[in-house]
$ cat final-v1.tsv   # TSV, C-alpha atoms and all ligand atoms
chain	number	residue	atom	x	y	z
A	524	MET	CA	-30.32	-1.50	6.15
A	525	VAL	CA	-28.21	-0.69	3.11
A	526	GLU	CA	-26.27	2.53	3.38
A	527	LEU	CA	-23.61	4.23	1.28
A	528	VAL	CA	-20.84	5.78	3.36
A	529	ARG	CA	-19.02	8.65	1.66
A	530	ALA	CA	-15.65	10.15	2.67
A	531	ALA	CA	-13.18	12.53	1.03
A	532	LYS	CA	-10.46	9.86	1.18
A	533	ALA	CA	-10.25	6.19	2.10
A	534	ALA	CA	-7.30	3.86	2.56
A	535	THR	CA	-8.66	0.34	2.08
A	536	MET	CA	-5.36	-1.18	3.29
A	537	ILE	CA	-5.64	-3.89	0.65
A	538	PRO	CA	-1.94	-4.41	-0.23
A	539	GLY	CA	-0.96	-2.25	-3.19
A	540	ALA	CA	-4.32	-0.50	-3.49
A	541	PRO	CA	-4.13	3.29	-3.79
A	542	VAL	CA	-5.97	5.72	-1.52
A	543	ILE	CA	-9.41	6.40	-3.01
A	544	ASP	CA	-10.46	10.04	-3.43
A	545	ASP	CA	-14.15	10.80	-2.90
A	546	ALA	CA	-14.61	7.26	-1.67
A	547	ALA	CA	-17.80	5.32	-1.09
A	548	ILE	CA	-18.41	2.12	0.85
A	549	LEU	CA	-21.66	0.23	0.50
A	550	VAL	CA	-22.66	-1.30	3.83
A	551	ASP	CA	-25.42	-3.82	4.43
A	552	GLN	CA	-26.24	-4.84	8.02
A	553	GLY	CA	-22.78	-3.83	9.20
A	554	ILE	CA	-20.92	-5.74	6.46
A	555	ILE	CA	-19.07	-4.13	3.57
A	556	LYS	CA	-20.61	-5.00	0.19
A	557	GLU	CA	-18.63	-2.80	-2.17
A	558	VAL	CA	-15.82	-0.23	-2.07
A	559	GLY	CA	-15.10	2.33	-4.77
A	560	THR	CA	-15.55	5.95	-5.71
A	561	PHE	CA	-18.73	7.84	-4.92
A	562	ALA	CA	-19.04	8.64	-8.61
A	563	THR	CA	-19.33	4.91	-9.38
A	564	LEU	CA	-21.24	3.50	-6.40
A	565	GLY	CA	-23.47	6.57	-6.05
A	566	ARG	CA	-24.84	6.03	-9.52
A	567	THR	CA	-26.59	2.76	-8.71
A	568	HIS	CA	-27.38	3.34	-5.03
A	569	SER	CA	-30.84	4.67	-4.26
A	570	GLY	CA	-30.88	4.29	-0.45
A	571	ASP	CA	-29.41	6.33	2.39
A	572	VAL	CA	-26.08	8.13	2.06
A	573	LEU	CA	-23.99	8.86	5.13
A	574	ASP	CA	-21.68	11.65	3.99
A	575	LEU	CA	-18.81	11.94	6.48
A	576	GLY	CA	-17.43	14.96	4.67
A	577	ASP	CA	-13.76	15.95	4.56
A	578	VAL	CA	-12.33	12.96	6.41
A	579	PHE	CA	-9.71	10.30	5.70
A	580	LEU	CA	-11.18	6.87	6.40
A	581	CYS	CA	-9.28	3.67	7.17
A	582	PRO	CA	-10.21	0.33	8.73
A	583	GLY	CA	-10.93	0.30	12.47
A	584	LEU	CA	-7.65	0.10	14.39
A	585	ILE	CA	-6.27	-2.93	16.19
A	586	ASN	CA	-4.16	-2.51	19.31
A	587	ALA	CA	-1.98	-5.63	19.23
A	588	HIS	CA	-0.77	-5.44	22.82
A	589	SER	CA	-2.58	-4.10	25.85
A	590	HIS	CA	-3.16	-5.14	29.45
A	591	LEU	CA	-6.63	-3.80	30.26
A	592	GLU	CA	-6.47	-5.50	33.67
A	593	LEU	CA	-4.10	-2.69	34.63
A	594	ALA	CA	-6.40	0.12	33.50
A	595	HIS	CA	-6.56	1.45	37.06
A	596	LEU	CA	-2.79	2.08	37.13
A	597	ARG	CA	-2.80	5.05	34.78
A	598	GLY	CA	-0.33	7.59	36.19
A	599	LYS	CA	0.71	5.33	39.09
A	600	CYS	CA	4.16	4.15	37.95
A	601	PRO	CA	7.27	6.29	37.48
A	602	ALA	CA	8.43	7.10	33.96
A	603	ASN	CA	11.93	6.79	32.57
A	604	GLN	CA	13.75	5.16	35.46
A	605	GLY	CA	14.51	1.78	33.96
A	606	PHE	CA	12.84	-1.60	34.08
A	607	VAL	CA	13.76	-2.63	37.63
A	608	THR	CA	12.50	0.60	39.22
A	609	TRP	CA	9.34	0.37	37.12
A	610	VAL	CA	8.65	-3.24	38.16
A	611	GLU	CA	9.32	-2.42	41.83
A	612	ALA	CA	6.79	0.41	41.61
A	613	LEU	CA	4.31	-1.81	39.78
A	614	LEU	CA	4.55	-4.54	42.41
A	615	LYS	CA	3.64	-2.03	45.13
A	616	GLN	CA	0.37	-1.32	43.35
A	617	PRO	CA	-2.87	-3.27	43.81
A	618	ILE	CA	-2.25	-4.98	40.47
A	619	PHE	CA	-5.15	-7.39	40.61
A	620	ASP	CA	-7.82	-5.05	41.92
A	621	LEU	CA	-9.93	-4.66	38.81
A	622	GLU	CA	-11.67	-1.29	38.77
A	623	PRO	CA	-14.85	-1.25	36.68
A	624	ASP	CA	-14.78	2.54	36.26
A	625	ALA	CA	-11.19	2.49	35.02
A	626	LEU	CA	-12.04	-0.35	32.62
A	627	ASP	CA	-15.03	1.59	31.31
A	628	ARG	CA	-12.83	4.64	30.74
A	629	ALA	CA	-10.22	2.52	28.96
A	630	VAL	CA	-12.81	0.95	26.65
A	631	GLU	CA	-14.37	4.34	25.97
A	632	GLU	CA	-10.92	5.72	25.09
A	633	LEU	CA	-10.21	2.82	22.73
A	634	LYS	CA	-13.50	3.37	20.91
A	635	ARG	CA	-13.19	7.14	20.81
A	636	THR	CA	-9.74	6.91	19.20
A	637	GLY	CA	-10.79	4.48	16.46
A	638	THR	CA	-9.77	1.13	17.96
A	639	ILE	CA	-12.10	-1.75	17.14
A	640	MET	CA	-10.03	-4.70	18.41
A	641	VAL	CA	-7.46	-5.43	21.12
A	642	GLY	CA	-4.93	-8.18	21.62
A	643	ASP	CA	-5.14	-8.08	25.40
A	644	ILE	CA	-2.97	-9.87	27.95
A	645	ALA	CA	-4.82	-11.09	31.04
A	646	THR	CA	-2.64	-12.29	33.89
A	647	ARG	CA	-5.46	-13.37	36.17
A	648	PHE	CA	-8.89	-12.52	34.75
A	649	ALA	CA	-8.98	-13.83	31.17
A	650	LYS	CA	-12.61	-14.91	31.30
A	651	GLU	CA	-13.75	-11.69	32.96
A	652	MET	CA	-11.85	-9.55	30.45
A	653	ALA	CA	-13.25	-11.50	27.51
A	654	GLY	CA	-16.77	-11.08	28.93
A	655	MET	CA	-16.21	-7.38	29.51
A	656	LEU	CA	-14.89	-6.91	25.97
A	657	GLU	CA	-17.72	-8.96	24.47
A	658	ALA	CA	-20.23	-6.68	26.21
A	659	SER	CA	-18.32	-3.56	25.13
A	660	GLY	CA	-18.75	-4.15	21.42
A	661	LEU	CA	-15.01	-4.38	20.75
A	662	PHE	CA	-13.45	-7.38	19.02
A	663	PHE	CA	-10.74	-9.14	20.99
A	664	ALA	CA	-8.08	-11.77	21.34
A	665	VAL	CA	-7.56	-12.17	25.08
A	666	PHE	CA	-4.34	-13.96	25.97
A	667	CYS	CA	-4.47	-15.80	29.25
A	668	GLU	CA	-0.93	-15.33	30.52
A	669	ALA	CA	1.20	-18.33	31.46
A	670	ILE	CA	3.75	-17.38	34.11
A	671	GLY	CA	5.78	-19.32	36.65
A	672	GLU	CA	6.80	-22.93	36.80
A	673	THR	CA	3.65	-25.03	36.65
A	674	VAL	CA	2.04	-26.54	33.60
A	675	PRO	CA	-1.71	-26.77	34.33
A	676	LYS	CA	-3.08	-30.32	34.49
A	677	ARG	CA	-5.67	-29.81	31.77
A	678	THR	CA	-5.52	-26.57	29.84
A	679	PHE	CA	-4.14	-23.03	30.00
A	680	ILE	CA	-7.17	-21.60	28.25
A	681	PRO	CA	-10.37	-21.30	30.29
A	682	SER	CA	-13.56	-22.51	28.64
A	683	GLY	CA	-15.97	-20.02	27.17
A	684	GLU	CA	-17.59	-19.19	23.86
A	685	PHE	CA	-17.58	-15.63	22.62
A	686	GLY	CA	-19.01	-14.01	19.53
A	687	ALA	CA	-16.55	-11.14	19.14
A	688	GLY	CA	-13.31	-12.89	19.97
A	689	PHE	CA	-11.61	-15.75	21.75
A	690	ILE	CA	-9.22	-16.58	24.56
A	691	SER	CA	-5.76	-17.91	23.76
A	692	VAL	CA	-2.60	-18.18	25.86
A	693	ALA	CA	0.54	-16.05	26.04
A	694	GLY	CA	3.84	-16.76	27.70
A	695	HIS	CA	4.80	-13.91	30.01
A	696	ALA	CA	8.54	-13.92	29.31
A	697	LEU	CA	11.52	-16.25	29.04
A	698	TYR	CA	12.80	-15.20	32.47
A	699	THR	CA	9.56	-15.54	34.45
A	700	THR	CA	8.07	-18.63	32.88
A	701	HIS	CA	9.66	-22.06	32.91
A	702	ARG	CA	10.70	-23.39	29.52
A	703	ASP	CA	8.36	-26.39	29.90
A	704	VAL	CA	5.47	-24.03	30.61
A	705	LEU	CA	6.31	-21.95	27.55
A	706	ARG	CA	6.56	-25.03	25.37
A	707	ALA	CA	3.24	-26.39	26.64
A	708	ALA	CA	1.52	-23.03	26.19
A	709	LYS	CA	2.75	-22.78	22.63
A	710	ALA	CA	1.70	-26.37	21.95
A	711	GLU	CA	-1.83	-25.65	23.18
A	712	THR	CA	-2.23	-22.66	20.88
A	713	ARG	CA	-0.87	-24.67	17.98
A	714	ALA	CA	-3.29	-27.53	18.63
A	715	LYS	CA	-6.20	-25.09	18.73
A	716	GLY	CA	-5.11	-22.99	15.75
A	717	LEU	CA	-4.80	-19.86	17.89
A	718	PRO	CA	-2.16	-17.12	18.01
A	719	PHE	CA	0.51	-17.12	20.72
A	720	SER	CA	2.06	-14.05	22.28
A	721	LEU	CA	5.29	-13.53	24.23
A	722	HIS	CA	7.10	-10.53	25.70
A	723	LEU	CA	10.52	-10.93	24.11
A	724	ALA	CA	13.86	-9.11	24.39
A	725	GLU	CA	12.30	-6.14	26.15
A	726	HIS	CA	15.21	-4.92	28.27
A	727	ASP	CA	18.90	-5.37	29.11
A	728	ASP	CA	18.21	-7.43	32.22
A	729	GLU	CA	16.43	-10.03	30.10
A	730	VAL	CA	19.55	-10.32	27.95
A	731	ALA	CA	21.76	-10.56	31.07
A	732	ILE	CA	19.56	-13.17	32.77
A	733	MET	CA	19.50	-15.34	29.64
A	734	ALA	CA	23.27	-14.98	29.31
A	735	GLY	CA	23.86	-15.92	32.97
A	736	GLU	CA	25.29	-12.51	33.80
A	737	PRO	CA	24.60	-10.43	36.92
A	738	SER	CA	21.27	-8.63	36.85
A	739	PRO	CA	19.56	-6.43	39.45
A	740	PHE	CA	16.26	-7.73	38.12
A	741	LEU	CA	17.27	-11.36	38.72
A	742	ASP	CA	18.19	-10.31	42.29
A	743	LEU	CA	14.72	-8.80	42.68
A	744	LEU	CA	13.01	-11.93	41.36
A	745	GLN	CA	15.06	-14.23	43.59
A	746	ALA	CA	14.34	-12.05	46.62
A	747	ARG	CA	10.68	-12.81	45.90
A	748	GLY	CA	11.38	-16.54	45.72
A	749	ARG	CA	11.36	-16.76	41.94
A	750	LEU	CA	13.96	-18.31	39.62
A	751	LEU	CA	15.91	-19.76	42.55
A	752	ASP	CA	17.20	-22.67	40.48
A	753	PHE	CA	17.11	-20.88	37.16
A	754	GLU	CA	19.65	-22.25	34.72
A	755	PRO	CA	20.58	-19.63	32.17
A	756	PRO	CA	20.51	-20.97	28.63
A	757	LYS	CA	23.49	-18.73	27.81
A	758	LYS	CA	21.79	-17.59	24.64
A	759	ARG	CA	20.28	-14.37	23.46
A	760	PRO	CA	16.52	-14.12	24.16
A	761	VAL	CA	15.47	-14.46	20.53
A	762	GLN	CA	17.67	-17.53	20.06
A	763	GLN	CA	16.27	-19.12	23.21
A	764	ALA	CA	12.70	-18.46	22.04
A	765	ALA	CA	13.53	-20.00	18.68
A	766	ASP	CA	15.19	-23.06	20.26
A	767	LEU	CA	12.13	-23.61	22.47
A	768	GLY	CA	9.94	-23.68	19.36
A	769	LEU	CA	8.12	-20.50	20.35
A	770	LEU	CA	8.62	-18.58	17.12
A	771	ASP	CA	6.52	-19.37	14.09
A	772	GLU	CA	3.98	-17.68	11.84
A	773	THR	CA	1.32	-17.72	14.59
A	774	THR	CA	3.53	-16.01	17.19
A	775	LEU	CA	3.33	-12.36	18.13
A	776	ALA	CA	6.64	-11.38	19.74
A	777	VAL	CA	6.14	-8.22	21.77
A	778	HIS	CA	8.75	-5.44	22.25
A	779	CYS	CA	11.85	-6.99	20.60
A	780	VAL	CA	13.97	-4.02	21.71
A	781	LYS	CA	17.24	-5.77	22.55
A	782	VAL	CA	17.95	-7.53	19.30
A	783	THR	CA	20.95	-7.94	17.02
A	784	SER	CA	20.82	-8.18	13.25
A	785	ASP	CA	21.10	-11.97	13.65
A	786	ASP	CA	18.11	-11.95	16.03
A	787	ILE	CA	16.05	-10.01	13.50
A	788	ALA	CA	17.01	-12.47	10.77
A	789	THR	CA	15.98	-15.36	13.06
A	790	VAL	CA	12.54	-13.89	13.79
A	791	ARG	CA	12.09	-13.20	10.09
A	792	ALA	CA	13.12	-16.72	9.11
A	793	PHE	CA	10.57	-18.26	11.50
A	794	GLY	CA	7.83	-16.02	10.13
A	795	ALA	CA	6.81	-14.50	13.47
A	796	THR	CA	5.12	-11.10	13.75
A	797	VAL	CA	6.58	-8.39	15.98
A	798	CYS	CA	4.56	-5.94	18.05
A	799	LEU	CA	6.45	-2.74	18.76
A	800	CYS	CA	5.42	-0.70	21.80
A	801	PRO	CA	7.47	2.48	21.27
A	802	ARG	CA	5.94	4.69	23.94
A	803	SER	CA	5.93	1.96	26.59
A	804	ASN	CA	9.61	1.32	25.95
A	805	GLU	CA	10.29	5.03	26.27
A	806	PHE	CA	8.13	5.32	29.40
A	807	ILE	CA	9.94	2.48	31.17
A	808	GLY	CA	13.29	3.64	29.88
A	809	VAL	CA	14.52	0.44	28.26
A	810	GLY	CA	15.63	2.14	25.06
A	811	ARG	CA	14.03	1.78	21.69
A	812	ALA	CA	13.74	-1.14	19.30
A	813	PRO	CA	15.74	-0.88	16.07
A	814	TRP	CA	12.52	-0.05	14.22
A	815	GLU	CA	14.32	0.75	10.99
A	816	LYS	CA	16.03	-2.66	10.93
A	817	TRP	CA	12.81	-4.42	11.78
A	818	PHE	CA	11.05	-2.58	9.02
A	819	ALA	CA	13.81	-3.25	6.48
A	820	SER	CA	13.77	-6.97	7.34
A	821	GLY	CA	10.22	-7.36	6.02
A	822	THR	CA	9.00	-8.79	9.33
A	823	PRO	CA	5.26	-8.11	9.73
A	824	LEU	CA	4.99	-5.37	12.35
A	825	CYS	CA	2.18	-4.25	14.64
A	826	LEU	CA	1.85	-1.48	17.20
A	827	GLY	CA	0.63	-1.81	20.77
A	828	THR	CA	0.13	0.70	23.51
A	829	ASP	CA	1.03	-1.84	26.23
A	830	SER	CA	-0.59	-1.16	29.60
A	831	LEU	CA	-1.60	2.07	31.26
A	832	ALA	CA	1.08	1.29	33.86
A	833	SER	CA	3.65	2.11	31.17
A	834	ASN	CA	1.83	4.50	28.86
A	835	THR	CA	-0.17	7.67	29.26
A	836	ASP	CA	-3.11	6.57	27.10
A	837	LEU	CA	-4.48	3.85	24.82
A	838	ASP	CA	-4.64	6.06	21.73
A	839	LEU	CA	-3.02	4.13	18.88
A	840	TRP	CA	-2.83	7.30	16.82
A	841	ASN	CA	-0.42	8.67	19.44
A	842	GLU	CA	1.65	5.50	19.07
A	843	ALA	CA	1.70	5.91	15.28
A	844	ARG	CA	2.62	9.59	15.54
A	845	TYR	CA	5.43	8.85	17.98
A	846	LEU	CA	6.85	6.16	15.70
A	847	LYS	CA	6.74	8.39	12.63
A	848	GLU	CA	8.29	11.35	14.44
A	849	HIS	CA	11.23	9.32	15.75
A	850	PHE	CA	11.78	7.01	12.79
A	851	ASN	CA	14.96	7.56	10.79
A	852	GLY	CA	14.29	7.22	7.10
A	853	GLY	CA	11.37	6.41	4.91
A	854	LEU	CA	8.12	5.21	6.41
A	855	SER	CA	4.96	5.79	4.42
A	856	LEU	CA	1.48	6.38	5.78
A	857	ASP	CA	0.54	3.00	4.31
A	858	ASP	CA	3.41	1.36	6.24
A	859	VAL	CA	2.20	2.86	9.51
A	860	LEU	CA	-1.47	2.10	8.88
A	861	ALA	CA	-0.59	-1.53	8.07
A	862	MET	CA	0.85	-1.82	11.59
A	863	VAL	CA	-2.50	-0.92	13.16
A	864	THR	CA	-4.89	-2.58	10.68
A	865	ARG	CA	-4.14	-5.52	8.38
A	866	ASN	CA	-0.99	-6.85	10.11
A	867	PRO	CA	-2.55	-7.18	13.58
A	868	ALA	CA	-5.81	-8.46	12.05
A	869	ARG	CA	-3.94	-11.34	10.44
A	870	ILE	CA	-1.85	-12.37	13.45
A	871	LEU	CA	-4.79	-12.01	15.85
A	872	GLY	CA	-6.99	-14.31	13.81
A	873	ALA	CA	-9.25	-11.58	12.43
A	874	GLY	CA	-7.88	-11.50	8.90
A	875	ASN	CA	-11.23	-12.51	7.42
A	876	THR	CA	-13.29	-9.92	9.26
A	877	LEU	CA	-11.15	-6.86	10.02
A	878	GLY	CA	-7.99	-5.08	8.92
A	879	THR	CA	-8.99	-3.96	5.43
A	880	LEU	CA	-11.97	-2.31	3.78
A	881	GLU	CA	-13.22	-4.90	1.31
A	882	PRO	CA	-16.41	-6.82	0.60
A	883	GLY	CA	-17.37	-9.33	3.30
A	884	LYS	CA	-15.55	-7.57	6.12
A	885	VAL	CA	-17.01	-5.74	9.08
A	886	ALA	CA	-17.79	-2.10	8.32
A	887	SER	CA	-15.71	-0.58	11.09
A	888	PHE	CA	-13.86	2.62	10.35
A	889	ALA	CA	-11.32	4.93	11.92
A	890	LEU	CA	-10.49	8.47	10.86
A	891	VAL	CA	-6.82	9.24	10.14
A	892	PRO	CA	-6.11	12.40	12.18
A	893	GLU	CA	-4.85	15.40	10.26
A	894	SER	CA	-1.94	15.67	12.72
A	895	LEU	CA	-0.70	12.25	11.59
A	896	HIS	CA	-1.41	12.73	7.92
A	897	ALA	CA	0.55	15.99	7.99
A	898	LEU	CA	3.74	14.10	8.96
A	899	PHE	CA	3.92	12.34	5.59
A	901	ZN	ZN	2.98	-6.30	27.94
$ encode --input "final-v1.tsv" --output "structure tokens"
Amino acid sequence: MVELVRAAKAATMIPGAPVIDDAAILVDQGIIKEVGTFATLGRTHSGDVLDLGDVFLCPGLINAHSHLELAHLRGKCPANQGFVTWVEALLKQPIFDLEPDALDRAVEELKRTGTIMVGDIATRFAKEMAGMLEASGLFFAVFCEAIGETVPKRTFIPSGEFGAGFISVAGHALYTTHRDVLRAAKAETRAKGLPFSLHLAEHDDEVAIMAGEPSPFLDLLQARGRLLDFEPPKKRPVQQAADLGLLDETTLAVHCVKVTSDDIATVRAFGATVCLCPRSNEFIGVGRAPWEKWFASGTPLCLGTDSLASNTDLDLWNEARYLKEHFNGGLSLDDVLAMVTRNPARILGAGNTLGTLEPGKVASFALVPESLHALF
């Protein structure tokens, strides 16, 4: 069916393209055929018109970092007490008890708030989460998380073919995952042409552990039998990630809170993309990333909600609003929208199908809320 979708405004998110007033998008079988003004496209179109009225359309949103496995932990972990307290509380929870109802609610919330794709970390149930997402109608990149000291004999990535996404592998973090495991995980993604994800420079304890300094979090890990013979690289996290070969143009580095100007320059030089999780960082109490420096560096940026164990909801518009409200200096609506549309689409391997409104792409839309638009 060919249909013309009309909206008062549309941001195509094609770099440099202006917002279109009285916009029209010609859609055939769910694929965009043409984008322009209603005055132009309406003239030659004789089929159905779906007039959305006084709304501001943009491409469907992409949440670059979530952990849907933890959907049942909404409201279960304490806010604002620092990373160690948060992890201790998390570890007391039934982390791996998937709850179908909670997952359904999470997916419903993603859809209701305009999200069409997730970059989702799966610590234990990558195949199940990919299957669940495939059935949900969302697009996905599920990252099977590598953690610990053992390189699997054959592959990190479980087998499985999916129509709406794929499974790749993520390293959990420099301090929980042996350097050989991280290197092997990255090598597997490289060989398969898939993106790689890594929690990086999230909190002060990560910096201390890497530097070989005392850390309550290292004490906690060692009390649980982890990192007993850990040899600190005596480098900053970003430098260690770079030296292990983990940073390149297919890497999504998540958090990047505890970074120096040199660290930012390093990430930029390697061409990696950074996913900021502002509300998760605030919730856990690790401080905030130097967003302004990241932005000024030209590093491609994305936004992620992180898990419901460290955020109140999965609404990316709330993430965008929080960023804009706390950002010092200039940040345009286009800058913010890029972080939830074309930037994550590219790094998550969906650059040809999602992220912008242009011919050949999937006709998935989100509506920019007035409460966000009013901040610009
Ligand atoms: Zn995470």
$ residues_around --input "final-v1.tsv" --residues "Ala764 in chain A" --least-positions-apart "4" --cutoff "12 Å" --atoms "only C-alpha atoms" --output "MDAnalysis selection string"
chainID A and resid 694 696:698 700:703 705:706 709 720:724 733 756 758:760 768:771 774:776 779 786 789:790 793 795
$ closest_atom_pairs --input "final-v1.tsv" --of "chain A" --to "ligand ZN 901 (chain A)" --cutoff "9 Å" --atoms "all atoms listed in the file" --output "CSV"
residue,atom,partner,partner_atom,distance
A:His588,CA,A:ZN901,ZN,6.4
A:Ser589,CA,A:ZN901,ZN,6.3
A:His590,CA,A:ZN901,ZN,6.4
A:Asp643,CA,A:ZN901,ZN,8.7
A:Ile644,CA,A:ZN901,ZN,6.9
A:His695,CA,A:ZN901,ZN,8.1
A:Leu721,CA,A:ZN901,ZN,8.4
A:His722,CA,A:ZN901,ZN,6.3
A:Val777,CA,A:ZN901,ZN,7.2
A:His778,CA,A:ZN901,ZN,8.1
A:Cys800,CA,A:ZN901,ZN,8.7
A:Ser803,CA,A:ZN901,ZN,8.9
A:Gly827,CA,A:ZN901,ZN,8.8
A:Thr828,CA,A:ZN901,ZN,8.8
A:Asp829,CA,A:ZN901,ZN,5.2
A:Ser830,CA,A:ZN901,ZN,6.5
$ residues_around --input "final-v1.tsv" --residues "Asp577 in chain A" --least-positions-apart "6" --cutoff "10 Å" --atoms "only C-alpha atoms" --output "PyMOL selection string"
chain A and resi 529-532+545
$ write_last_selection --input "final-v1.tsv" --atoms "C-alpha atoms" --output "compact mmCIF listing (two decimals), in the coordinates of the input"
# COMPACT_ATOMS: atom_id res chain seq x y z
CA ARG A 529 -19.02 8.65 1.66
CA ALA A 530 -15.65 10.15 2.67
CA ALA A 531 -13.18 12.53 1.03
CA LYS A 532 -10.46 9.86 1.18
CA ASP A 545 -14.15 10.80 -2.90
$ residues_around --input "final-v1.tsv" --residues "Phe662 in chain A" --least-positions-apart "2" --cutoff "8 Å" --atoms "all atoms listed in the file" --output "PyMOL selection string"
chain A and resi 639-641+656-657+660+664+687-688
$ axis_aligned_box --input "final-v1.tsv" --around "range 839-846 of chain A" --padding-each-side "3 Å" --output "lines of an AutoDock Vina configuration file"
center_x = 1.9
center_y = 6.9
center_z = 17.4
size_x = 15.9
size_y = 11.5
size_z = 10.2
$ residues_near_point --input "final-v1.tsv" --point "(-15.7, -4.7, 38.3)" --cutoff "12 Å" --atoms "all atoms listed in the file" --output "number ranges by chain"
A: 592, 594-595, 619-627, 648, 651-652, 654-655
$ atom_distance --input "final-v1.tsv" --atom1 "CA of Leu837 in chain A" --atom2 "CA of Leu584 in chain A"
11.5 Å
$ closest_residue --input "final-v1.tsv" --among "A:Arg749, A:Ala629, A:Ala843, A:Lys650" --to "Ser855 in chain A" --atoms "all atoms listed in the file"
A:Ala843
$ residues_near_point --input "final-v1.tsv" --point "(-14.3, 0.2, 1.5)" --cutoff "6 Å" --atoms "only C-alpha atoms" --output "mmCIF file with C-alpha atoms, in the coordinates of the input"
data_model
loop_
_atom_site.group_PDB
_atom_site.id
_atom_site.type_symbol
_atom_site.label_atom_id
_atom_site.label_comp_id
_atom_site.auth_asym_id
_atom_site.auth_seq_id
_atom_site.Cartn_x
_atom_site.Cartn_y
_atom_site.Cartn_z
ATOM 1 C CA THR A 535 -8.660 0.340 2.080
ATOM 2 C CA ILE A 548 -18.410 2.120 0.850
ATOM 3 C CA VAL A 558 -15.820 -0.230 -2.070
ATOM 4 C CA LEU A 880 -11.970 -2.310 3.780
ATOM 5 C CA GLU A 881 -13.220 -4.900 1.310
#
$ residues_around --input "final-v1.tsv" --residues "His726 in chain A" --least-positions-apart "2" --cutoff "8 Å" --atoms "all atoms listed in the file" --output "compact mmCIF listing (two decimals) with C-alpha atoms, keeping the file's coordinate frame"
# COMPACT_ATOMS: atom_id res chain seq x y z
CA PHE A 606 12.84 -1.60 34.08
CA ALA A 724 13.86 -9.11 24.39
CA ASP A 728 18.21 -7.43 32.22
CA GLU A 729 16.43 -10.03 30.10
CA VAL A 730 19.55 -10.32 27.95
CA VAL A 780 13.97 -4.02 21.71
CA LYS A 781 17.24 -5.77 22.55
CA VAL A 809 14.52 0.44 28.26
CA GLY A 810 15.63 2.14 25.06
$ atom_distance --input "final-v1.tsv" --atom1 "CA of Phe740 in chain A" --atom2 "CA of Gly605 in chain A"
10.5 Å
$ atom_distance --input "final-v1.tsv" --atom1 "CA of Leu854 in chain A" --atom2 "CA of Leu871 in chain A"
23.5 Å
$ closest_residue --input "final-v1.tsv" --among "A:Arg747, A:Lys599, A:Arg802, A:His568" --to "Arg844 in chain A" --atoms "all atoms listed in the file"
A:Arg802
$ closest_residue --input "final-v1.tsv" --among "A:Val891, A:Ala868, A:Thr699, A:Asn851" --to "Phe663 in chain A" --atoms "all atoms listed in the file"
A:Ala868
$ closest_residue --input "final-v1.tsv" --among "A:Leu633, A:Ala707, A:Ala819, A:Val863" --to "Met536 in chain A" --atoms "all atoms listed in the file"
A:Val863
$ closest_residue --input "final-v1.tsv" --among "A:Ala645, A:Val665, A:Val578, A:Val782" --to "Glu893 in chain A" --atoms "only C-alpha atoms"
A:Val578
$ decode --input "final-v1.tsv" --residues "range 766-777 of chain A" --atoms "N, CA and C atoms" --output "compact mmCIF listing (two decimals), in the first residue's frame"
# COMPACT_ATOMS: atom_id res chain seq x y z
N ASP A 766 45.36 0.34 24.01
CA ASP A 766 46.53 -0.53 23.87
C ASP A 766 46.14 -1.99 23.62
N LEU A 767 44.94 -2.37 24.08
CA LEU A 767 44.46 -3.73 23.82
C LEU A 767 43.83 -3.86 22.43
N GLY A 768 43.77 -2.75 21.70
CA GLY A 768 43.20 -2.81 20.34
C GLY A 768 41.68 -2.82 20.35
N LEU A 769 41.08 -2.31 21.44
CA LEU A 769 39.62 -2.39 21.56
C LEU A 769 38.90 -1.19 20.97
N LEU A 770 39.66 -0.14 20.65
CA LEU A 770 39.00 1.08 20.16
C LEU A 770 39.25 1.24 18.67
N ASP A 771 38.19 1.19 17.91
CA ASP A 771 38.28 1.55 16.49
C ASP A 771 36.91 2.03 16.04
N GLU A 772 36.74 2.19 14.75
CA GLU A 772 35.49 2.81 14.26
C GLU A 772 34.28 1.89 14.37
N THR A 773 34.48 0.64 14.80
CA THR A 773 33.31 -0.23 15.03
C THR A 773 33.04 -0.44 16.52
N THR A 774 33.72 0.34 17.37
CA THR A 774 33.53 0.17 18.81
C THR A 774 32.62 1.24 19.38
N LEU A 775 31.70 0.78 20.22
CA LEU A 775 30.84 1.68 20.98
C LEU A 775 31.31 1.63 22.43
N ALA A 776 31.95 2.71 22.88
CA ALA A 776 32.44 2.80 24.25
C ALA A 776 31.36 3.45 25.10
N VAL A 777 30.93 2.74 26.13
CA VAL A 777 29.75 3.17 26.90
C VAL A 777 30.17 3.84 28.21
